[in-house]
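S.K.: The structure file query30.tsv (TSV, C-alpha atoms) is provided below.
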chain	number	residue	atom	x	y	z
A	4	GLN	CA	0.00	0.00	0.00
A	5	ASN	CA	1.47	3.36	-1.06
A	6	ILE	CA	1.09	6.48	1.07
A	7	GLU	CA	1.84	9.92	-0.34
A	8	VAL	CA	3.38	11.75	2.61
A	9	THR	CA	2.31	15.36	3.15
A	10	CYS	CA	2.22	15.25	6.96
A	11	PHE	CA	4.54	12.69	8.58
A	12	LYS	CA	2.42	12.23	11.71
A	13	GLU	CA	-0.74	11.66	9.67
A	14	ALA	CA	1.09	9.28	7.33
A	15	ASN	CA	2.30	7.31	10.36
A	16	GLU	CA	-1.25	7.06	11.74
A	17	LYS	CA	-2.52	5.88	8.36
A	18	ALA	CA	0.28	3.29	8.12
A	19	LEU	CA	-0.49	1.92	11.59
A	20	ASP	CA	-4.17	1.68	10.67
A	21	LEU	CA	-3.33	-0.19	7.45
A	22	LEU	CA	-1.17	-2.67	9.37
A	23	THR	CA	-4.16	-3.62	11.52
A	24	LYS	CA	-6.08	-4.41	8.31
A	25	GLY	CA	-3.63	-6.96	6.96
A	26	VAL	CA	-1.13	-4.88	4.98
A	27	THR	CA	2.40	-6.29	5.26
A	28	SER	CA	4.22	-3.97	2.85
A	29	LEU	CA	4.14	-0.16	2.95
A	30	GLY	CA	5.34	2.38	0.39
A	31	PHE	CA	6.09	5.98	1.38
A	32	ILE	CA	6.32	8.70	-1.29
A	33	ILE	CA	8.36	11.55	0.24
A	34	LYS	CA	9.42	14.95	-1.12
A	35	GLY	CA	13.19	15.27	-1.33
A	36	ASP	CA	13.47	18.43	0.78
A	37	GLU	CA	11.59	16.72	3.62
A	38	VAL	CA	14.08	13.86	3.98
A	39	ASN	CA	15.60	14.21	7.45
A	40	ALA	CA	16.06	12.00	10.51
A	41	GLU	CA	13.27	13.62	12.53
A	42	ASN	CA	10.65	13.17	9.80
A	43	ILE	CA	11.62	9.57	9.05
A	44	ALA	CA	11.60	8.70	12.77
A	45	THR	CA	8.08	10.16	13.05
A	46	LEU	CA	7.00	8.21	10.00
A	47	LEU	CA	8.25	4.87	11.38
A	48	ASN	CA	7.09	5.36	14.97
A	49	GLY	CA	5.41	2.18	16.25
A	50	ILE	CA	6.14	0.19	13.04
A	51	CYS	CA	8.17	-3.02	13.40
A	52	PRO	CA	10.71	-3.06	10.53
A	53	GLU	CA	11.27	-6.80	10.96
A	54	ALA	CA	7.57	-7.56	10.38
A	55	THR	CA	6.76	-4.97	7.70
A	56	GLU	CA	8.41	-4.38	4.35
A	57	LEU	CA	9.20	-0.66	4.09
A	58	ASN	CA	9.61	0.98	0.68
A	59	PHE	CA	10.62	4.59	0.08
A	60	ASN	CA	10.32	6.75	-3.01
A	61	THR	CA	12.01	10.16	-3.04
A	62	CYS	CA	14.22	12.36	-5.23
A	63	ASN	CA	17.28	10.57	-6.62
A	64	CYS	CA	19.57	13.20	-5.10
A	65	LYS	CA	18.31	12.32	-1.61
A	66	ALA	CA	18.44	8.52	-1.94
A	67	GLU	CA	21.91	8.11	-0.43
A	68	LYS	CA	21.02	10.39	2.50
A	69	LEU	CA	17.76	8.48	3.09
A	70	ILE	CA	19.60	5.15	3.23
A	71	GLY	CA	21.96	6.56	5.88
A	72	ILE	CA	19.01	7.85	7.94
A	73	LEU	CA	17.25	4.47	7.71
A	74	GLU	CA	20.40	2.70	8.88
A	75	TYR	CA	20.65	5.05	11.87
A	76	ILE	CA	16.96	4.69	12.82
A	77	LEU	CA	16.82	0.91	12.39
A	78	LYS	CA	19.93	0.46	14.53
A	79	GLY	CA	18.28	2.66	17.15
A	80	LYS	CA	15.27	0.34	17.20
A	81	ASP	CA	17.61	-2.52	18.22
A	82	VAL	CA	16.49	-4.85	15.43
A	83	ASP	CA	18.37	-7.38	13.32
A	84	LEU	CA	19.17	-5.53	10.07
A	85	ASN	CA	19.33	-8.88	8.24
A	86	LYS	CA	15.62	-9.36	9.00
A	87	CYS	CA	14.58	-5.91	7.75
A	88	PHE	CA	13.33	-5.77	4.17
A	89	GLY	CA	12.31	-2.99	1.83
A	90	SER	CA	13.59	-0.65	-0.84
A	91	VAL	CA	14.74	2.86	-1.68
A	92	ASN	CA	13.67	3.76	-5.21
A	93	TYR	CA	16.88	5.15	-6.75
A	94	ASP	CA	16.26	5.27	-10.48
A	95	PRO	CA	19.19	6.51	-12.62
A	96	PHE	CA	17.08	6.53	-15.80
A	97	LYS	CA	14.16	8.57	-14.47
A	98	LYS	CA	15.67	11.87	-15.65
A	99	PRO	CA	16.04	10.92	-19.33
A	100	LEU	CA	12.77	8.96	-19.42
A	101	VAL	CA	10.48	11.41	-17.63
A	102	LYS	CA	12.18	14.76	-18.33
A	103	GLY	CA	14.10	14.03	-21.53
A	104	LYS	CA	17.38	15.22	-20.01
A	105	GLU	CA	20.72	13.43	-19.97
A	106	ASN	CA	22.04	11.90	-16.77
A	107	GLU	CA	25.74	11.76	-17.61
A	108	ASN	CA	27.21	10.84	-14.21
A	109	TRP	CA	24.66	8.22	-13.22
A	110	VAL	CA	27.25	5.44	-12.76
A	111	GLU	CA	29.09	7.40	-10.05
A	112	ALA	CA	25.83	8.33	-8.32
A	113	ALA	CA	24.49	4.76	-8.53
A	114	SER	CA	27.80	3.46	-7.15
A	115	ALA	CA	27.48	5.75	-4.12
A	116	VAL	CA	23.90	4.58	-3.50
A	117	LEU	CA	24.95	0.95	-3.89
A	118	LYS	CA	27.79	1.39	-1.37
A	119	ALA	CA	25.43	3.04	1.12
A	120	GLY	CA	22.89	0.26	0.59
A	121	GLN	CA	25.36	-2.40	1.73
A	122	ALA	CA	24.58	-1.35	5.32
A	123	LEU	CA	21.00	-2.60	4.81
A	124	PRO	CA	21.34	-6.17	3.46
A	125	GLY	CA	17.60	-6.71	2.91
A	126	TYR	CA	16.98	-3.42	1.09
A	127	LYS	CA	16.89	-3.02	-2.69
A	128	VAL	CA	18.28	0.38	-3.65
A	129	LEU	CA	18.40	0.29	-7.48
A	130	ALA	CA	15.08	0.56	-9.28
A	131	VAL	CA	13.99	-0.50	-12.75
A	132	ASN	CA	10.77	1.50	-13.12
A	133	ALA	CA	9.46	-0.08	-16.29
A	134	PHE	CA	5.91	1.01	-15.43
A	135	TYR	CA	6.84	4.32	-17.11
A	136	PHE	CA	6.69	2.46	-20.43
A	137	ASN	CA	3.44	0.73	-19.51
A	138	ASN	CA	1.85	4.05	-18.53
A	139	ALA	CA	2.97	5.53	-21.85
A	140	GLY	CA	1.12	2.82	-23.76
A	141	ALA	CA	3.90	0.30	-24.42
A	142	TYR	CA	2.74	-3.24	-25.14
A	143	ILE	CA	3.64	-6.08	-22.75
A	144	THR	CA	6.56	-7.33	-24.87
A	145	GLN	CA	7.97	-3.80	-25.17
A	146	GLU	CA	7.81	-3.14	-21.44
A	147	LEU	CA	9.45	-6.48	-20.68
A	148	GLY	CA	12.20	-5.96	-23.26
A	149	TYR	CA	13.04	-2.46	-22.02
A	150	ALA	CA	12.97	-3.60	-18.38
A	151	LEU	CA	15.44	-6.41	-18.99
A	152	ALA	CA	17.73	-4.18	-21.06
A	153	TRP	CA	17.57	-1.56	-18.31
A	154	GLY	CA	18.47	-4.11	-15.63
A	155	ASN	CA	21.29	-5.41	-17.80
A	156	GLU	CA	22.66	-1.87	-18.20
A	157	LEU	CA	22.82	-1.55	-14.41
A	158	MET	CA	24.61	-4.90	-14.18
A	159	ALA	CA	27.08	-4.05	-16.95
A	160	LYS	CA	28.05	-0.54	-15.83
A	161	LEU	CA	28.24	-1.27	-12.10
A	162	THR	CA	30.28	-4.46	-12.50
A	163	GLU	CA	32.65	-2.41	-14.70
A	164	ALA	CA	32.81	0.09	-11.82
A	165	GLY	CA	34.21	-2.63	-9.57
A	166	PHE	CA	31.18	-4.20	-7.88
A	167	SER	CA	30.67	-7.96	-7.98
A	168	ALA	CA	27.74	-9.34	-10.01
A	169	ASP	CA	25.98	-10.73	-6.94
A	170	GLU	CA	26.29	-7.37	-5.12
A	171	VAL	CA	24.56	-5.51	-7.95
A	172	ALA	CA	21.89	-8.11	-8.79
A	173	LYS	CA	20.74	-8.44	-5.18
A	174	LYS	CA	20.10	-4.70	-4.96
A	175	ILE	CA	17.87	-4.34	-8.06
A	176	LYS	CA	14.09	-4.15	-7.83
A	177	PHE	CA	11.78	-4.22	-10.85
A	178	ASN	CA	8.60	-2.13	-10.74
A	179	LEU	CA	6.30	-3.22	-13.56
A	180	GLY	CA	2.86	-2.06	-14.68
A	181	ILE	CA	-0.22	-4.26	-15.07
A	182	SER	CA	-2.62	-3.73	-17.96
A	183	SER	CA	-6.07	-5.29	-18.35
A	184	ASN	CA	-4.68	-8.10	-20.55
A	185	TYR	CA	-4.90	-10.62	-17.70
A	186	PHE	CA	-3.34	-13.81	-19.04
A	187	MET	CA	-0.61	-12.06	-21.03
A	188	GLU	CA	0.38	-10.15	-17.88
A	189	ILE	CA	0.76	-13.45	-16.00
A	190	ALA	CA	2.93	-14.71	-18.87
A	191	LYS	CA	5.01	-11.50	-18.72
A	192	PHE	CA	5.96	-12.07	-15.10
A	193	ARG	CA	6.74	-15.75	-15.66
A	194	ALA	CA	8.95	-14.88	-18.64
A	195	ALA	CA	10.58	-11.97	-16.78
A	196	ARG	CA	11.73	-14.20	-13.93
A	197	MET	CA	13.29	-16.77	-16.26
A	198	LEU	CA	14.93	-14.23	-18.58
A	199	TRP	CA	16.34	-12.13	-15.73
A	200	ALA	CA	17.83	-15.26	-14.14
A	201	ASN	CA	19.55	-16.02	-17.46
A	202	ILE	CA	20.91	-12.46	-17.71
A	203	VAL	CA	22.31	-12.51	-14.16
A	204	ALA	CA	23.80	-15.99	-14.70
A	205	SER	CA	25.76	-14.66	-17.68
A	206	TYR	CA	27.69	-12.40	-15.26
A	207	HIS	CA	28.76	-15.49	-13.23
A	208	PRO	CA	27.81	-14.27	-9.74
A	209	GLU	CA	29.75	-16.13	-7.04
A	210	CYS	CA	28.25	-17.41	-3.80
A	211	LEU	CA	30.74	-16.64	-1.03
A	212	ARG	CA	28.79	-18.19	1.85
A	213	ASP	CA	27.47	-21.57	2.89
A	214	CYS	CA	24.07	-21.46	1.18
A	215	ASP	CA	21.65	-24.25	0.28
A	216	ASN	CA	20.89	-22.45	-2.99
A	217	LYS	CA	24.50	-22.46	-4.23
A	218	GLY	CA	24.95	-23.86	-7.74
A	219	ALA	CA	27.10	-26.84	-8.64
A	220	ASN	CA	29.97	-24.59	-9.70
A	221	GLY	CA	29.63	-22.17	-6.78
A	222	GLU	CA	27.38	-19.72	-8.62
A	223	CYS	CA	24.99	-17.57	-6.57
A	224	ARG	CA	21.46	-18.57	-7.51
A	225	CYS	CA	19.98	-16.15	-4.95
A	226	ALA	CA	21.34	-13.26	-7.03
A	227	ALA	CA	19.32	-14.48	-10.01
A	228	LYS	CA	15.99	-14.14	-8.19
A	229	MET	CA	13.93	-11.23	-9.50
A	230	ALA	CA	12.52	-8.86	-6.89
A	231	VAL	CA	9.42	-7.43	-8.51
A	232	HIS	CA	6.60	-5.05	-7.60
A	233	ALA	CA	3.43	-4.75	-9.66
A	234	GLU	CA	1.12	-1.76	-9.93
A	235	THR	CA	-1.97	-1.05	-12.00
A	236	SER	CA	-1.14	0.90	-15.14
A	237	THR	CA	-2.59	4.40	-15.35
A	238	PHE	CA	-2.89	3.82	-19.11
A	239	ASN	CA	-6.08	1.87	-18.32
A	240	LEU	CA	-7.76	5.04	-17.09
A	241	THR	CA	-9.89	7.21	-19.37
A	242	LEU	CA	-9.27	10.94	-19.63
Represent the supplied structure as structure tokens.
M.R.:
Amino acid sequence: QNIEVTCFKEANEKALDLLTKGVTSLGFIIKGDEVNAENIATLLNGICPEATELNFNTCNCKAEKLIGILEYILKGKDVDLNKCFGSVNYDPFKKPLVKGKENENWVEAASAVLKAGQALPGYKVLAVNAFYFNNAGAYITQELGYALAWGNELMAKLTEAGFSADEVAKKIKFNLGISSNYFMEIAKFRAARMLWANIVASYHPECLRDCDNKGANGECRCAAKMAVHAETSTFNLTL
């Protein structure tokens, strides 16, 4: 359930109410200039980060700062960071896609966000927001193709920047749109999972721990799992 935050106290009250009604995953949409420790602490007051997935969407320029604040607040709650799950929606391709402007230094910025995100093992900090294509009227095959190419670009550039394949893959979250074409949408998600696993496998991610999901040659199969969020496409709405 997404909450557009205008007042942090009211958003917190709404979140707590939603949690009593069965919601297990919350999304907070926050303005960049309102990202500070006091506001985030107010927002998360009374919410157990080990029991609730917490997702945050804010300006790209504030993503690194937000991750640092979350680390500080979660440590203050005396919880196991390995049991806390969620995401920070840092999207290096939002600027060219939504505003038509170049984002020349995105690799450096994404690298900084990725480094900050290592402090929160269960948080995805790199976003593939392919719902932009869906909302613009792209067909299912187009959205899927662009999403996979986008994810591959993140893998390629960030591994070139010195990160390991498993580090990058485990921090990527796909946000896809859902049209009214019911059965084809189901097929899209099934195909997306298989194709993304094949893309990640081509980077030969290594499993460096004792894991039941380790491949025969030591490859990290966990890195090949696609973390995906679905939302209804606004393209379905009439004017």
S.K.: Under the rule that only C-alpha atoms are counted, which of A:Lys228, A:Lys173, A:Lys217, A:Lys17 is the nearest residue to Leu123 of chain A?
M.R.: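 Nearest to Leu123 of chain A: A:Lys173.
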S.K.: Just how far from atom CA of Tyr126 of chain A is atom CA of Asp83 of chain A, in Å to one decimal?
M.R.: 12.9 Å
S.K.: Show me, as a list in words, the residues that have an atom within 10 Å of Asp215 of chain A when counting all atoms listed in the file, minus same-chain residues fewer than 2 positions from it.
M.R.: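 Result of the neighbour search: Arg212, Asp213, Lys217, Gly218, Arg224 and Cys225 of chain A.
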S.K.: Please provide the set of residues having any atom within 10 Å of segment 69-72 of chain A, restricted to only C-alpha atoms, with same-chain residues fewer than 2 positions apart removed, written as a PyMOL selection string.
M.R.: chain A and resi 35+38-41+43-44+59-67+74-78+90-91+116-117+119-123+126+128
S.K.: Please identify all polymer residues within 8 Å of segment 152-169 of chain A, counting all atoms listed in the file, omitting same-chain residues fewer than 3 positions from it, and present them as a ChimeraX atom specification.
M.R.: /A:110,113-114,131,148-149,172-173,175,202-203,206-210,223,226
S.K.: Please provide the set of residues having any atom within 12 Å of Thr237 of chain A, restricted to all atoms listed in the file, with same-chain residues fewer than 2 positions apart removed, written as a list of chain:residue names.
M.R.: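 Answer for this query is A:Phe134, A:Tyr135, A:Phe136, A:Asn137, A:Asn138, A:Ala139, A:Gly140, A:Ala141, A:Leu179, A:Gly180, A:Ile181, A:Ser182, A:Ser183, A:Glu234, A:Thr235, A:Asn239, A:Leu240, A:Thr241, A:Leu242.
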S.K.: Within 8 Å of Pro52 of chain A, counting all atoms listed in the file, which residues qualify if same-chain residues fewer than 3 places away don't, as a list in words?
M.R.: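 So, after excluding close chain neighbours, the residues are Thr55, Glu56, Leu57, Leu77, Val82, Cys87 and Phe88 of chain A.
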S.K.: If you measure from atom CA of Ala190 of chain A to atom CA of Ala233 of chain A, what distance in Å do you get, rounded to one decimal?
M.R.: 13.6 Å
S.K.: Please report the interatomic distance between atom CA of Asp94 of chain A and atom CA of Lys191 of chain A in Å with one decimal.
M.R.: 21.8 Å
S.K.: Which residue out of A:Leu46, A:Ser28, A:Tyr142, A:Asn132 has the minimum interatomic distance to Glu13 of chain A when all atoms listed in the file are used?
M.R.: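 Distance minimum relative to Glu13 of chain A lands on A:Leu46.
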S.K.: Considering all atoms listed in the file, can you say which of A:Ala227, A:Leu47, A:Val101, A:Leu129 comes closest to Asn201 of chain A?
M.R.: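 Nearest candidate to Asn201 of chain A out of A:Ala227, A:Leu47, A:Val101, A:Leu129: A:Ala227.
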S.K.: Looking at only C-alpha atoms, which of A:Lys118, A:Lys12, A:Lys104, A:Lys34 is the one that sits closest to Gly49 of chain A?
M.R.: A:Lys12
S.K.: Please identify all polymer residues lying at most 8 Å from the point (-2.4, 0.3, 1.0) (file coordinates), using all atoms listed in the file, and present the result as number ranges by chain.
M.R.: A: 4-6, 21, 26, 29
S.K.: Which residue gives the smallest distance to Ala194 of chain A among A:Gly79, A:Val231, A:Leu147, A:Asn178, with all atoms listed in the file counted?
M.R.: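 The closest residue to Ala194 of chain A is A:Leu147.
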S.K.: Would you please work out which residue, of A:Ala18, A:Ala130, A:Ala219, A:Ala195, is nearest to Thr144 of chain A when using all atoms listed in the file?
M.R.: A:Ala195
S.K.: Box for segment 149-162 of chain A: with edges along x, y and z, all listed atoms inside and 8 Å added on each side, what are the centre and edge lengths in Å to one decimal, as AutoDock Vina command-line options?
M.R.:
--center_x 21.6 --center_y -3.5 --center_z -17.1 --size_x 33.3 --size_y 21.9 --size_z 25.9
S.K.: Starting from the sparse input, extend segment 145-164 of chain A to N, CA, C and O atoms and give the output as a PDB file, keeping the file's coordinate frame.
M.R.:
ATOM      1  N   GLN A 145       7.086  -4.968 -25.188  1.00  0.00           N
ATOM      2  CA  GLN A 145       7.970  -3.800 -25.170  1.00  0.00           C
ATOM      3  C   GLN A 145       8.413  -3.473 -23.755  1.00  0.00           C
ATOM      4  O   GLN A 145       9.600  -3.248 -23.503  1.00  0.00           O
ATOM      5  N   GLU A 146       7.465  -3.445 -22.830  1.00  0.00           N
ATOM      6  CA  GLU A 146       7.810  -3.140 -21.440  1.00  0.00           C
ATOM      7  C   GLU A 146       8.808  -4.158 -20.897  1.00  0.00           C
ATOM      8  O   GLU A 146       9.794  -3.788 -20.255  1.00  0.00           O
ATOM      9  N   LEU A 147       8.566  -5.428 -21.173  1.00  0.00           N
ATOM     10  CA  LEU A 147       9.450  -6.480 -20.680  1.00  0.00           C
ATOM     11  C   LEU A 147      10.850  -6.354 -21.288  1.00  0.00           C
ATOM     12  O   LEU A 147      11.859  -6.449 -20.583  1.00  0.00           O
ATOM     13  N   GLY A 148      10.907  -6.096 -22.588  1.00  0.00           N
ATOM     14  CA  GLY A 148      12.200  -5.960 -23.260  1.00  0.00           C
ATOM     15  C   GLY A 148      13.005  -4.792 -22.720  1.00  0.00           C
ATOM     16  O   GLY A 148      14.196  -4.920 -22.424  1.00  0.00           O
ATOM     17  N   TYR A 149      12.360  -3.642 -22.562  1.00  0.00           N
ATOM     18  CA  TYR A 149      13.040  -2.460 -22.020  1.00  0.00           C
ATOM     19  C   TYR A 149      13.485  -2.695 -20.581  1.00  0.00           C
ATOM     20  O   TYR A 149      14.575  -2.276 -20.177  1.00  0.00           O
ATOM     21  N   ALA A 150      12.636  -3.341 -19.784  1.00  0.00           N
ATOM     22  CA  ALA A 150      12.970  -3.600 -18.380  1.00  0.00           C
ATOM     23  C   ALA A 150      14.219  -4.462 -18.259  1.00  0.00           C
ATOM     24  O   ALA A 150      15.126  -4.172 -17.462  1.00  0.00           O
ATOM     25  N   LEU A 151      14.288  -5.509 -19.049  1.00  0.00           N
ATOM     26  CA  LEU A 151      15.440  -6.410 -18.990  1.00  0.00           C
ATOM     27  C   LEU A 151      16.709  -5.722 -19.489  1.00  0.00           C
ATOM     28  O   LEU A 151      17.789  -5.892 -18.915  1.00  0.00           O
ATOM     29  N   ALA A 152      16.571  -4.922 -20.548  1.00  0.00           N
ATOM     30  CA  ALA A 152      17.730  -4.180 -21.060  1.00  0.00           C
ATOM     31  C   ALA A 152      18.223  -3.160 -20.030  1.00  0.00           C
ATOM     32  O   ALA A 152      19.430  -2.962 -19.848  1.00  0.00           O
ATOM     33  N   TRP A 153      17.283  -2.547 -19.346  1.00  0.00           N
ATOM     34  CA  TRP A 153      17.570  -1.560 -18.310  1.00  0.00           C
ATOM     35  C   TRP A 153      18.319  -2.221 -17.147  1.00  0.00           C
ATOM     36  O   TRP A 153      19.339  -1.726 -16.672  1.00  0.00           O
ATOM     37  N   GLY A 154      17.804  -3.367 -16.695  1.00  0.00           N
ATOM     38  CA  GLY A 154      18.470  -4.110 -15.630  1.00  0.00           C
ATOM     39  C   GLY A 154      19.861  -4.557 -16.044  1.00  0.00           C
ATOM     40  O   GLY A 154      20.819  -4.496 -15.258  1.00  0.00           O
ATOM     41  N   ASN A 155      19.998  -4.981 -17.292  1.00  0.00           N
ATOM     42  CA  ASN A 155      21.290  -5.410 -17.800  1.00  0.00           C
ATOM     43  C   ASN A 155      22.289  -4.246 -17.851  1.00  0.00           C
ATOM     44  O   ASN A 155      23.477  -4.422 -17.591  1.00  0.00           O
ATOM     45  N   GLU A 156      21.789  -3.046 -18.177  1.00  0.00           N
ATOM     46  CA  GLU A 156      22.660  -1.870 -18.200  1.00  0.00           C
ATOM     47  C   GLU A 156      23.207  -1.571 -16.806  1.00  0.00           C
ATOM     48  O   GLU A 156      24.381  -1.229 -16.647  1.00  0.00           O
ATOM     49  N   LEU A 157      22.356  -1.720 -15.791  1.00  0.00           N
ATOM     50  CA  LEU A 157      22.820  -1.550 -14.410  1.00  0.00           C
ATOM     51  C   LEU A 157      23.887  -2.578 -14.064  1.00  0.00           C
ATOM     52  O   LEU A 157      24.920  -2.247 -13.474  1.00  0.00           O
ATOM     53  N   MET A 158      23.642  -3.829 -14.440  1.00  0.00           N
ATOM     54  CA  MET A 158      24.610  -4.900 -14.180  1.00  0.00           C
ATOM     55  C   MET A 158      25.940  -4.613 -14.879  1.00  0.00           C
ATOM     56  O   MET A 158      27.018  -4.718 -14.281  1.00  0.00           O
ATOM     57  N   ALA A 159      25.865  -4.245 -16.150  1.00  0.00           N
ATOM     58  CA  ALA A 159      27.080  -4.050 -16.950  1.00  0.00           C
ATOM     59  C   ALA A 159      27.923  -2.894 -16.423  1.00  0.00           C
ATOM     60  O   ALA A 159      29.134  -3.035 -16.193  1.00  0.00           O
ATOM     61  N   LYS A 160      27.297  -1.734 -16.224  1.00  0.00           N
ATOM     62  CA  LYS A 160      28.050  -0.540 -15.830  1.00  0.00           C
ATOM     63  C   LYS A 160      28.591  -0.636 -14.405  1.00  0.00           C
ATOM     64  O   LYS A 160      29.710  -0.183 -14.127  1.00  0.00           O
ATOM     65  N   LEU A 161      27.805  -1.228 -13.495  1.00  0.00           N
ATOM     66  CA  LEU A 161      28.240  -1.270 -12.100  1.00  0.00           C
ATOM     67  C   LEU A 161      29.258  -2.382 -11.843  1.00  0.00           C
ATOM     68  O   LEU A 161      30.100  -2.248 -10.953  1.00  0.00           O
ATOM     69  N   THR A 162      29.207  -3.452 -12.619  1.00  0.00           N
ATOM     70  CA  THR A 162      30.280  -4.460 -12.500  1.00  0.00           C
ATOM     71  C   THR A 162      31.576  -3.896 -13.083  1.00  0.00           C
ATOM     72  O   THR A 162      32.661  -4.161 -12.567  1.00  0.00           O
ATOM     73  N   GLU A 163      31.468  -3.086 -14.149  1.00  0.00           N
ATOM     74  CA  GLU A 163      32.650  -2.410 -14.700  1.00  0.00           C
ATOM     75  C   GLU A 163      33.233  -1.423 -13.679  1.00  0.00           C
ATOM     76  O   GLU A 163      34.443  -1.177 -13.665  1.00  0.00           O
ATOM     77  N   ALA A 164      32.358  -0.876 -12.831  1.00  0.00           N
ATOM     78  CA  ALA A 164      32.810   0.090 -11.820  1.00  0.00           C
ATOM     79  C   ALA A 164      33.458  -0.587 -10.615  1.00  0.00           C
ATOM     80  O   ALA A 164      33.916   0.097  -9.694  1.00  0.00           O
TER      81      ALA A 164
END
